[in-house]
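Take a look at the structure set out below.
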Amino acid sequence: MLSTYHTHSVFCDGEMMPEDYVVAAIKKGFSAIGFTSHAPVLFNTDWTMKPENLCKYIDTIKGLQEKYKEQIQIYTGLETDFYPNSRNFGDYPGIDYTIGSVHFIYDEKNDRYLTVDGPAGEYRDLLHNVFNDDIRAFVETYFDRLGEMIKMQPPDIVGHLDVIKKNNTNSLYFNETDKWYRNKVEEILNIISKTNVIVEVNTGGISRGYTSEVYPSEWILKLIREMDIPVVLNSDAHHPDLIDSYYTEAVKILKNIGFTHQRVLYNGHWQNVLL
Ligand SMILES: [Zn+2]
Ligand SMILES: [Zn+2]
């Protein structure tokens, strides 16, 4: 079945109104679409939802759910962030599910939050200012934060697991075959495997031209398969045209690895469906 549970609209950094994505999804024959605006955070950014818009966001998606109920299932989610004192939106009224992502690392020297998946300059700043150019410390801190999130505020889905590679084109900073990197990824997968958290296969990095592979990389997906961790295919679309971007290829990759099912939210509960 065609679906995506990771969608950004004008409520955060997406380009179009939620309804535009619903119409596109129906046209493409989707069975379900979930919206996941970037949840409000405790500091200023120009890409997360403003706290005062949260109610309107939920009302808007619920309205669409009712309007299009004969054609497609629509779910109200949030892409939440994990940082010290971050709010847990898992039980927030009206929220059907959460995608938990780590985007921020705190730059203490300059009292600001920098993003691990931001522009190249921001990544360099983070590496230099916070980690004294120690890429291993940077990457391991990112994964440690992800592990803490899964233990302390487990979301339904873990977002773009290895987004730390976004600025690592041509292994500019590190090599995914390095033993320390593989060990760290395995450590996180071990934590995930003890929970019900689903790992998303996120095609957003490819469709926006940032990466050459989906998140997570194929070798990680192989480990995920071996460990029997559930996956869900998501496009992380910021524009309706991209809601199924790279899906054909991603399904092929997953099937080649041995996946037969994905876990989706359908008829109100998470269930395994054929890929
Ligand atoms: Zn994200
Ligand atoms: Zn996203």
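Identifiers for the structure tokens are assigned positionally: chains receive A, B, ... in sequence, residues are indexed from 1 per chain, and ligands are indexed from 1 in the order shown.
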Pick out the residues sitting within 8 Å of Ala250 (chain A), and hand them over as a list of chain:residue names; count only C-alpha atoms, and ignore anything fewer than 6 positions along from it in its own chain. A:Val201, A:Thr203, A:Val214
Can you check which parts of chain A lie within 9 Å of ligand 1? Per residue, the shortest pair of atoms and distance in Å to one decimal, counting only C-alpha atoms and all ligand atoms, sorted by chain and number, as a tab-separated table.
```
residue	atom	partner	partner_atom_place_in_ligand_line	distance
A:His6	CA	ligand 1	1 (Zn)	8.9
A:His38	CA	ligand 1	1 (Zn)	7.6
A:Glu79	CA	ligand 1	1 (Zn)	6.8
A:Thr80	CA	ligand 1	1 (Zn)	8.5
A:Asp81	CA	ligand 1	1 (Zn)	8.5
A:Ile99	CA	ligand 1	1 (Zn)	8.6
A:Gly100	CA	ligand 1	1 (Zn)	8.5
A:Ser101	CA	ligand 1	1 (Zn)	5.9
A:Val102	CA	ligand 1	1 (Zn)	7.5
A:His103	CA	ligand 1	1 (Zn)	6.6
A:Asp117	CA	ligand 1	1 (Zn)	8.1
A:Gly159	CA	ligand 1	1 (Zn)	6.3
A:His160	CA	ligand 1	1 (Zn)	6.6
A:Val163	CA	ligand 1	1 (Zn)	8.2
A:Asp236	CA	ligand 1	1 (Zn)	7.6
```
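Of the listed residues A:Thr195, A:Gly118, A:Ile135, A:Tyr173, the one whose atoms come nearest to Gly147 (chain A) is A:Thr195, with distances taken using only C-alpha atoms.
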Minimum-distance residue to ligand 2, chosen among A:Gln153, A:Asn53, A:Asn44, A:Thr7 (using only C-alpha atoms and all ligand atoms):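 Of A:Gln153, A:Asn53, A:Asn44, A:Thr7, the one nearest ligand 2 is A:Thr7, counting only C-alpha atoms and all ligand atoms.
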Atomic distance CA of Lys252 (chain A) - CA of Tyr210 (chain A), expressed in Å with one decimal: 20.5 Å
